[in-house]
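*Asks:* Structure file my_file_19.tsv (TSV, C-alpha atoms and all ligand atoms) right here:
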chain	number	residue	atom	x	y	z
A	162	MET	CA	-12.68	-4.91	7.37
A	163	LEU	CA	-9.65	-6.82	6.01
A	164	GLN	CA	-9.00	-10.32	7.32
A	165	VAL	CA	-6.10	-12.43	6.14
A	166	GLY	CA	-5.97	-16.00	7.43
A	167	GLN	CA	-3.10	-18.48	7.18
A	168	LEU	CA	-1.92	-17.31	3.78
A	169	ASN	CA	0.64	-19.46	1.97
A	170	GLN	CA	2.30	-18.68	-1.32
A	171	TYR	CA	5.06	-20.32	-3.36
A	172	TYR	CA	7.30	-19.22	-6.22
A	173	GLY	CA	7.89	-22.66	-7.74
A	174	SER	CA	9.30	-24.74	-4.89
A	175	SER	CA	10.22	-21.69	-2.82
A	176	HIS	CA	7.76	-21.27	0.07
A	177	THR	CA	7.50	-17.46	0.21
A	178	LEU	CA	4.58	-16.84	2.59
A	179	ARG	CA	4.09	-19.21	5.51
A	180	GLY	CA	0.75	-19.01	7.26
A	181	VAL	CA	0.49	-15.21	7.35
A	182	SER	CA	-2.52	-13.84	9.24
A	183	LEU	CA	-3.46	-10.24	9.96
A	184	SER	CA	-6.50	-8.03	10.32
A	185	LEU	CA	-7.21	-4.38	9.76
A	186	GLU	CA	-10.22	-2.24	10.66
A	187	GLN	CA	-11.69	0.78	8.92
A	188	GLY	CA	-9.85	3.96	9.97
A	189	GLN	CA	-6.75	2.05	11.05
A	190	CYS	CA	-3.24	2.09	9.64
A	191	LEU	CA	-1.32	-1.17	9.78
A	192	ALA	CA	2.45	-1.11	9.18
A	193	LEU	CA	3.86	-4.21	7.50
A	194	LEU	CA	7.55	-4.29	8.33
A	195	GLY	CA	10.46	-6.49	7.41
A	196	ARG	CA	13.81	-6.36	5.69
A	197	ASN	CA	14.42	-6.88	1.96
A	198	GLY	CA	13.15	-10.11	0.48
A	199	VAL	CA	11.04	-11.35	3.42
A	200	GLY	CA	7.84	-11.44	1.36
A	201	LYS	CA	6.16	-8.07	1.96
A	202	THR	CA	5.52	-7.25	-1.71
A	203	THR	CA	4.45	-10.84	-2.35
A	204	LEU	CA	1.87	-10.53	0.44
A	205	LEU	CA	0.54	-7.25	-0.95
A	206	LYS	CA	0.28	-8.76	-4.44
A	207	CYS	CA	-1.67	-11.69	-2.98
A	208	LEU	CA	-4.04	-9.24	-1.27
A	209	MET	CA	-4.58	-7.40	-4.55
A	210	GLY	CA	-5.01	-10.65	-6.50
A	211	VAL	CA	-1.98	-10.07	-8.71
A	212	LEU	CA	-0.54	-13.37	-7.40
A	213	PRO	CA	-2.60	-16.46	-6.58
A	214	VAL	CA	-2.44	-17.95	-3.09
A	215	ALA	CA	-1.83	-21.63	-2.49
A	216	LYS	CA	-3.67	-21.82	0.84
A	217	GLY	CA	-5.45	-19.47	3.19
A	218	HIS	CA	-8.07	-16.79	2.74
A	219	VAL	CA	-8.53	-13.06	2.28
A	220	SER	CA	-11.81	-11.35	3.11
A	221	LEU	CA	-12.94	-7.77	2.78
A	222	GLU	CA	-15.90	-6.59	4.85
A	223	GLY	CA	-16.85	-10.19	5.52
A	224	CYS	CA	-16.82	-11.17	1.84
A	225	ASP	CA	-14.35	-13.86	0.74
A	226	ILE	CA	-12.24	-12.34	-2.05
A	227	THR	CA	-9.48	-14.97	-2.14
A	228	LYS	CA	-10.31	-16.05	-5.67
A	229	LEU	CA	-11.24	-12.66	-7.12
A	230	LYS	CA	-9.27	-11.01	-9.90
A	231	PRO	CA	-7.45	-7.70	-9.29
A	232	HIS	CA	-10.05	-5.60	-11.14
A	233	GLU	CA	-12.83	-7.21	-9.09
A	234	ARG	CA	-10.98	-6.36	-5.87
A	235	ALA	CA	-10.46	-2.81	-7.13
A	236	ALA	CA	-14.21	-2.55	-7.77
A	237	LEU	CA	-14.84	-3.65	-4.16
A	238	GLY	CA	-12.68	-0.77	-2.91
A	239	ILE	CA	-9.06	-1.91	-2.73
A	240	ALA	CA	-6.47	0.45	-4.20
A	241	TYR	CA	-2.85	-0.57	-4.60
A	242	VAL	CA	0.16	1.72	-4.94
A	243	PRO	CA	2.95	-0.63	-6.00
A	244	GLN	CA	6.61	-0.30	-5.20
A	245	GLY	CA	8.15	1.69	-8.04
A	246	ARG	CA	4.82	3.54	-8.44
A	247	GLU	CA	4.02	2.40	-12.00
A	248	ILE	CA	2.63	5.67	-13.22
A	249	PHE	CA	2.17	6.13	-16.97
A	250	ALA	CA	5.37	7.97	-17.97
A	251	ARG	CA	4.08	9.23	-21.34
A	252	LEU	CA	0.72	10.44	-20.05
A	253	THR	CA	0.33	13.81	-18.38
A	254	VAL	CA	-0.30	14.15	-14.66
A	255	GLU	CA	-3.95	14.91	-15.42
A	256	GLU	CA	-4.31	11.84	-17.64
A	257	ASN	CA	-2.69	9.68	-14.97
A	258	LEU	CA	-5.18	11.03	-12.43
A	259	MET	CA	-8.08	10.35	-14.77
A	260	MET	CA	-7.03	6.69	-14.92
A	261	GLY	CA	-7.86	6.49	-11.23
A	262	MET	CA	-11.38	7.74	-11.89
A	263	ALA	CA	-12.26	5.44	-14.74
A	264	THR	CA	-15.30	4.11	-12.92
A	265	LYS	CA	-16.61	7.42	-11.48
A	266	SER	CA	-19.37	9.67	-12.77
A	267	ALA	CA	-18.08	13.07	-14.02
A	268	ARG	CA	-19.70	14.93	-11.10
A	269	LYS	CA	-18.33	12.68	-8.39
A	270	ALA	CA	-14.95	12.68	-10.14
A	271	SER	CA	-14.61	16.46	-10.02
A	272	THR	CA	-15.35	16.57	-6.27
A	273	ILE	CA	-12.84	13.87	-5.54
A	274	ARG	CA	-10.32	15.63	-7.73
A	275	ASP	CA	-10.59	18.85	-5.68
A	276	GLU	CA	-9.86	16.86	-2.51
A	277	VAL	CA	-6.83	15.30	-4.10
A	278	TYR	CA	-5.47	18.69	-5.18
A	279	GLU	CA	-5.82	19.86	-1.58
A	280	LEU	CA	-3.81	16.87	-0.42
A	281	PHE	CA	-1.20	17.22	-3.17
A	282	PRO	CA	-1.10	20.88	-4.33
A	283	VAL	CA	2.03	20.17	-6.36
A	284	LEU	CA	0.03	17.98	-8.74
A	285	LYS	CA	-2.32	20.82	-9.60
A	286	GLU	CA	0.68	22.92	-10.66
A	287	MET	CA	1.99	20.11	-12.85
A	288	LEU	CA	-1.20	18.88	-14.49
A	289	HIS	CA	0.14	19.12	-18.04
A	290	ARG	CA	3.59	17.69	-17.39
A	291	ARG	CA	4.30	14.16	-18.43
A	292	GLY	CA	4.38	11.69	-15.56
A	293	GLY	CA	7.84	10.52	-16.56
A	294	ASP	CA	9.21	14.06	-16.17
A	295	LEU	CA	8.26	14.31	-12.48
A	296	SER	CA	10.77	13.64	-9.69
A	297	GLY	CA	10.56	10.30	-7.89
A	298	GLY	CA	8.81	11.93	-4.94
A	299	GLN	CA	6.28	13.69	-7.17
A	300	GLN	CA	5.62	10.40	-8.97
A	301	GLN	CA	4.96	8.76	-5.61
A	302	GLN	CA	2.48	11.52	-4.76
A	303	LEU	CA	0.85	11.08	-8.18
A	304	ALA	CA	0.56	7.32	-7.65
A	305	ILE	CA	-1.08	7.82	-4.23
A	306	ALA	CA	-3.39	10.50	-5.63
A	307	ARG	CA	-4.42	8.26	-8.52
A	308	ALA	CA	-5.22	5.44	-6.08
A	309	LEU	CA	-7.28	7.81	-3.89
A	310	LEU	CA	-9.32	8.94	-6.87
A	311	ALA	CA	-10.85	5.48	-7.00
A	312	ASP	CA	-12.32	6.38	-3.58
A	313	PRO	CA	-11.05	3.18	-1.93
A	314	LYS	CA	-12.04	1.60	1.38
A	315	LEU	CA	-8.57	0.10	1.70
A	316	ILE	CA	-5.37	1.58	0.30
A	317	ILE	CA	-2.25	-0.56	0.09
A	318	LEU	CA	1.04	1.35	-0.07
A	319	ASP	CA	4.22	-0.56	-0.92
A	320	GLU	CA	7.23	1.32	0.50
A	321	PRO	CA	6.09	4.86	-0.34
A	322	THR	CA	9.28	6.38	1.14
A	323	GLU	CA	11.72	4.30	-0.90
A	324	GLY	CA	14.23	6.55	-2.65
A	325	ILE	CA	12.27	9.70	-1.79
A	326	GLN	CA	13.80	12.94	-0.51
A	327	PRO	CA	13.02	13.87	3.13
A	328	SER	CA	10.82	16.92	2.36
A	329	ILE	CA	8.48	14.79	0.22
A	330	ILE	CA	8.49	12.00	2.82
A	331	LYS	CA	7.08	14.64	5.21
A	332	ASP	CA	4.36	15.52	2.66
A	333	ILE	CA	3.44	11.85	2.25
A	334	GLU	CA	3.39	11.39	6.03
A	335	ARG	CA	1.03	14.36	6.35
A	336	VAL	CA	-1.32	12.89	3.73
A	337	ILE	CA	-1.39	9.45	5.36
A	338	ARG	CA	-2.07	11.10	8.73
A	339	LEU	CA	-4.97	13.08	7.23
A	340	LEU	CA	-6.42	9.95	5.66
A	341	ARG	CA	-6.20	8.16	9.00
A	342	GLN	CA	-7.94	11.04	10.74
A	343	ARG	CA	-10.72	10.90	8.15
A	344	GLY	CA	-11.51	7.48	9.59
A	345	ASP	CA	-13.28	6.04	6.53
A	346	ILE	CA	-10.35	4.28	4.94
A	347	ALA	CA	-8.06	1.46	6.06
A	348	ILE	CA	-4.35	1.84	5.27
A	349	LEU	CA	-1.90	-1.00	4.81
A	350	LEU	CA	1.55	0.53	4.78
A	351	CYS	CA	4.51	-1.61	3.86
A	352	GLU	CA	7.73	-0.01	5.11
A	353	GLN	CA	11.36	-0.55	5.95
A	354	TYR	CA	11.73	2.88	7.50
A	355	PHE	CA	10.84	2.29	11.16
A	356	ASP	CA	10.32	5.93	12.26
A	357	PHE	CA	7.91	6.64	9.42
A	358	ALA	CA	5.85	3.53	10.21
A	359	HIS	CA	5.97	4.18	13.93
A	360	ALA	CA	4.68	7.74	13.50
A	361	LEU	CA	1.65	6.62	11.49
A	362	ALA	CA	0.62	3.09	12.39
A	363	ASP	CA	-2.06	1.99	14.85
A	364	LYS	CA	-0.72	-1.54	14.70
A	365	PHE	CA	2.12	-3.43	13.12
A	366	VAL	CA	3.10	-6.81	11.71
A	367	VAL	CA	6.72	-7.84	11.19
A	368	LEU	CA	7.56	-10.47	8.58
A	369	SER	CA	10.72	-12.53	8.49
A	370	ARG	CA	11.29	-15.23	5.88
A	371	GLY	CA	7.62	-15.25	4.99
A	372	GLU	CA	6.38	-15.62	8.58
A	373	VAL	CA	4.87	-13.20	11.05
A	374	VAL	CA	7.49	-12.90	13.81
A	375	ALA	CA	6.01	-9.96	15.74
A	376	SER	CA	2.74	-8.05	15.77
A	377	GLY	CA	0.73	-5.80	18.03
A	378	SER	CA	-0.52	-2.29	18.68
A	379	GLN	CA	1.55	0.83	18.15
A	380	GLU	CA	2.27	1.00	21.91
A	381	GLN	CA	3.59	-2.55	21.77
A	382	MET	CA	5.87	-1.68	18.86
A	383	ASP	CA	9.07	-2.12	20.85
A	384	HIS	CA	11.74	-0.10	19.04
A	385	GLU	CA	14.63	-2.41	19.78
A	386	ASP	CA	12.78	-5.63	19.06
A	387	VAL	CA	11.26	-4.42	15.78
A	388	LYS	CA	14.49	-2.73	14.67
A	389	ARG	CA	16.32	-6.00	15.29
A	390	HIS	CA	14.02	-7.63	12.73
A	391	LEU	CA	14.65	-4.78	10.28
A	392	ALA	CA	18.43	-4.68	10.64
A	393	VAL	CA	20.43	-6.39	7.90
B	1	LIG	N1	8.52	-13.48	-9.44
B	1	LIG	C1	9.30	-14.12	-8.55
B	1	LIG	N2	9.77	-15.37	-8.79
B	1	LIG	C2	10.53	-16.03	-7.90
B	1	LIG	N3	10.90	-15.52	-6.69
B	1	LIG	C3	10.47	-14.28	-6.40
B	1	LIG	C4	9.65	-13.51	-7.30
B	1	LIG	N4	9.37	-12.31	-6.73
B	1	LIG	C5	10.00	-12.34	-5.53
B	1	LIG	N5	10.65	-13.50	-5.33
B	1	LIG	C6	11.42	-13.90	-4.12
B	1	LIG	O1	10.49	-14.03	-3.05
B	1	LIG	C7	11.04	-13.50	-1.84
B	1	LIG	C8	10.13	-12.40	-1.31
B	1	LIG	O2	10.18	-11.27	-2.20
B	1	LIG	P1	9.35	-9.95	-1.96
B	1	LIG	O3	9.58	-9.04	-3.12
B	1	LIG	O4	7.96	-10.28	-1.61
B	1	LIG	O5	10.08	-9.37	-0.67
B	1	LIG	P2	9.98	-7.94	0.01
B	1	LIG	O6	9.92	-8.19	1.48
B	1	LIG	O7	8.88	-7.15	-0.58
B	1	LIG	O8	11.37	-7.28	-0.33
B	1	LIG	P3	11.70	-5.82	-0.90
B	1	LIG	O9	11.63	-4.93	0.27
B	1	LIG	O10	13.10	-5.98	-1.42
B	1	LIG	O11	10.72	-5.51	-1.96
B	1	LIG	C9	12.43	-13.02	-2.19
B	1	LIG	O12	13.33	-14.04	-1.85
B	1	LIG	C10	12.39	-12.82	-3.69
B	1	LIG	O13	13.67	-13.02	-4.25
What's the structure tokens form of this structure?
Ligand SMILES: Nc1ncnc2c1ncn2[C@@H]1O[C@H](COP(=O)(O)OP(=O)(O)OP(=O)(O)O)[C@@H](O)[C@H]1O
*Replies:*
Amino acid sequence: MLQVGQLNQYYGSSHTLRGVSLSLEQGQCLALLGRNGVGKTTLLKCLMGVLPVAKGHVSLEGCDITKLKPHERAALGIAYVPQGREIFARLTVEENLMMGMATKSARKASTIRDEVYELFPVLKEMLHRRGGDLSGGQQQQLAIARALLADPKLIILDEPTEGIQPSIIKDIERVIRLLRQRGDIAILLCEQYFDFAHALADKFVVLSRGEVVASGSQEQMDHEDVKRHLAV
């Protein structure tokens, strides 16, 4: 459903992505791995249309979206949970969630909302708290929940475990596993934490200095080889 072909991106004269290609099918989880600064976030921003690409193409369900704006990609079913979460700190949890449903009819929205409360019961308890008053882990859950409320075909998660306490990492892992089992959504999971990615991914791509240096199925995800690429 997602095809990325020979993507190149520059920040000024710095060549940040060098011919990156990958593909992802509905119901699959792809782990995008690599150490700090190799271009993972840049790639995700290019997929969401937040950054332009210099060369290459991105297609979703056979439709070329390379030149589309972020809101057009969102309307086609891509949801993006950025690194740092970017929730609205002054809005309540409920208002943050409603932002994710801006395009839904009231009836559909309430059904989706029930599903999200099942996935993240803690959010139901905190509906009237301000987003900025939640812990980092709860904010991450809120950001994922808000993205899911748009009912996406593809969800892009940029380092959801970064700075999060282990008990909430387990909750997030459980949610990603449930989404994968549902089979109607593709998951692009950017991670530095090998064990988390290994437990969830069907396939993986490792980036180093803007290039794909390893890729394959979960079974081919050789611990030592991949960890070598992740080690500082
Ligand atoms: N707006 C920008 N302008 C110029 N260079 C940038 C910009 N954003 C990122 N870079 C550089 O591009 C390279 C790739 O950055 P990117 O954030 O994509 O890496 P990353 O793999 O996501 O790392 P991290 O895990 O730290 O987020 C880095 O060298 C970074 O310093």
*Asks:* Show me, as a list in words, the residues that have an atom within 7 Å of Ile239 (chain A) when counting all atoms listed in the file, minus same-chain residues fewer than 5 positions from it.
*Replies:*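 Listed by chain and then number, they are Arg234, Pro313, Lys314, Leu315 and Ile316 of chain A.
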*Asks:* With all atoms listed in the file as the basis for distance, which of A:Arg370, A:Arg338, A:Arg389, A:His218 is at the shortest distance from ligand LIG 1 (chain B)?
*Replies:*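 Counting all atoms listed in the file, the residue closest to ligand LIG 1 (chain B) is A:Arg370.
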*Asks:* What residues of the protein or nucleic acid chains come within 7 Å of ligand LIG 1 (chain B) when you use only C-alpha atoms and all ligand atoms? Reply as a PyMOL selection string.
*Replies:* chain A and resi 172+177+195-204
*Asks:* Which of these, A:Ile329, A:Val211, A:Val336, A:Ala306, has the shortest distance to Val277 (chain A) once you count all atoms listed in the file?
*Replies:* A:Ala306
*Asks:* Restricting the calculation to all atoms listed in the file: of A:His232, A:Gln301, A:Leu295, A:Ile248, which residue gets closest to Gly324 (chain A)?
*Replies:*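 Closest residue, counting all atoms listed in the file: A:Gln301.
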*Asks:* Starting from 3 Å padding per side, set up an axis-aligned box that covers all listed atoms of region 221-224 of chain A and hand over centre and edge lengths in Å, one decimal, as JSON.
*Replies:*
{"center_x": -14.9, "center_y": -8.9, "center_z": 3.7, "size_x": 9.9, "size_y": 10.6, "size_z": 9.7}
*Asks:* Just give me the gap between CA of Lys364 (chain A) and CA of Leu191 (chain A) in Å, one decimal is fine.
*Replies:* 5.0 Å
*Asks:* Quick one: of A:Leu194, A:Cys207, A:Glu286, A:Asp383, who's nearest to Tyr354 (chain A), counting only C-alpha atoms?
*Replies:*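 Distance minimum relative to Tyr354 (chain A) lands on A:Leu194.
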*Asks:* Fewer than 2 positions away in the same chain doesn't count, so skip those; otherwise give me all residues within 8 Å of Leu288 (chain A), counting only C-alpha atoms, as a PyMOL selection string.
*Replies:* chain A and resi 253-255+284-286+290
*Asks:* Name the residues in contact with Gly293 (chain A) at a cut-off of 12 Å, using only C-alpha atoms, excluding same-chain residues fewer than 5 positions from it; report them as a list in words.
*Replies:* Arg246, Glu247, Ile248, Phe249, Ala250, Arg251, Leu252, Thr253, Val254, Asn257, Met287, Gly298, Gln299, Gln300, Gln301, Leu303 and Ala304 of chain A
*Asks:* Export region 293-382 of chain A, C-alpha atoms, as a tab-separated table (two decimals), in the first residue's frame; it's the structure right above.
*Replies:*
chain	number	residue	atom	x	y	z
A	293	GLY	CA	0.41	19.70	29.05
A	294	ASP	CA	-0.27	18.29	32.54
A	295	LEU	CA	0.02	14.65	31.43
A	296	SER	CA	3.23	12.65	31.86
A	297	GLY	CA	5.40	12.10	28.79
A	298	GLY	CA	4.09	8.56	28.40
A	299	GLN	CA	0.47	9.67	28.69
A	300	GLN	CA	1.12	12.39	26.11
A	301	GLN	CA	2.53	9.75	23.78
A	302	GLN	CA	-0.62	7.66	24.25
A	303	LEU	CA	-2.74	10.76	23.61
A	304	ALA	CA	-0.81	11.53	20.42
A	305	ILE	CA	-1.28	7.95	19.14
A	306	ALA	CA	-4.97	8.00	20.10
A	307	ARG	CA	-5.50	11.32	18.33
A	308	ALA	CA	-3.86	9.92	15.18
A	309	LEU	CA	-6.05	6.79	15.33
A	310	LEU	CA	-9.20	8.88	15.58
A	311	ALA	CA	-8.60	9.98	12.00
A	312	ASP	CA	-9.16	6.29	11.14
A	313	PRO	CA	-5.94	6.05	9.10
A	314	LYS	CA	-4.83	3.39	6.62
A	315	LEU	CA	-1.21	4.09	7.48
A	316	ILE	CA	0.07	5.32	10.83
A	317	ILE	CA	3.61	6.69	11.09
A	318	LEU	CA	5.12	6.64	14.58
A	319	ASP	CA	8.37	8.52	15.18
A	320	GLU	CA	10.19	6.97	18.16
A	321	PRO	CA	7.16	6.36	20.39
A	322	THR	CA	9.32	4.91	23.19
A	323	GLU	CA	11.70	7.86	23.45
A	324	GLY	CA	11.93	9.05	27.05
A	325	ILE	CA	8.98	6.89	28.14
A	326	GLN	CA	8.87	4.79	31.31
A	327	PRO	CA	8.92	0.98	30.84
A	328	SER	CA	5.32	0.34	32.02
A	329	ILE	CA	3.94	2.73	29.39
A	330	ILE	CA	6.25	1.29	26.73
A	331	LYS	CA	4.50	-2.04	27.44
A	332	ASP	CA	1.09	-0.35	27.00
A	333	ILE	CA	2.18	1.17	23.69
A	334	GLU	CA	3.58	-2.18	22.55
A	335	ARG	CA	0.24	-3.83	23.36
A	336	VAL	CA	-1.65	-1.23	21.33
A	337	ILE	CA	0.64	-1.55	18.30
A	338	ARG	CA	0.29	-5.34	18.50
A	339	LEU	CA	-3.52	-5.04	18.59
A	340	LEU	CA	-3.49	-2.69	15.61
A	341	ARG	CA	-1.32	-5.14	13.69
A	342	GLN	CA	-3.67	-8.00	14.52
A	343	ARG	CA	-6.60	-5.93	13.26
A	344	GLY	CA	-4.95	-6.19	9.85
A	345	ASP	CA	-6.54	-3.10	8.28
A	346	ILE	CA	-3.80	-0.61	9.00
A	347	ALA	CA	-0.15	-0.35	7.97
A	348	ILE	CA	2.31	0.76	10.66
A	349	LEU	CA	5.60	2.51	10.02
A	350	LEU	CA	7.49	2.48	13.29
A	351	CYS	CA	10.66	4.49	13.60
A	352	GLU	CA	12.75	3.22	16.52
A	353	GLN	CA	16.15	3.14	18.12
A	354	TYR	CA	15.11	0.56	20.69
A	355	PHE	CA	15.88	-2.75	18.97
A	356	ASP	CA	13.90	-5.11	21.25
A	357	PHE	CA	10.71	-3.05	20.92
A	358	ALA	CA	11.00	-2.99	17.12
A	359	HIS	CA	11.92	-6.66	16.95
A	360	ALA	CA	8.89	-7.66	19.01
A	361	LEU	CA	6.46	-5.83	16.72
A	362	ALA	CA	7.81	-5.59	13.19
A	363	ASP	CA	7.06	-7.86	10.24
A	364	LYS	CA	9.94	-6.31	8.35
A	365	PHE	CA	12.67	-3.80	8.91
A	366	VAL	CA	14.80	-1.19	7.16
A	367	VAL	CA	18.03	0.16	8.65
A	368	LEU	CA	19.26	3.60	7.64
A	369	SER	CA	22.81	4.84	7.96
A	370	ARG	CA	23.86	8.28	6.73
A	371	GLY	CA	20.71	8.60	4.69
A	372	GLU	CA	21.06	5.23	2.94
A	373	VAL	CA	19.36	1.89	3.42
A	374	VAL	CA	22.15	-0.42	4.68
A	375	ALA	CA	20.03	-3.43	5.67
A	376	SER	CA	16.45	-4.57	5.17
A	377	GLY	CA	14.39	-7.73	5.26
A	378	SER	CA	11.75	-9.71	7.09
A	379	GLN	CA	11.56	-10.02	10.86
A	380	GLU	CA	13.22	-13.47	10.68
A	381	GLN	CA	16.10	-11.92	8.75
A	382	MET	CA	16.51	-9.21	11.37
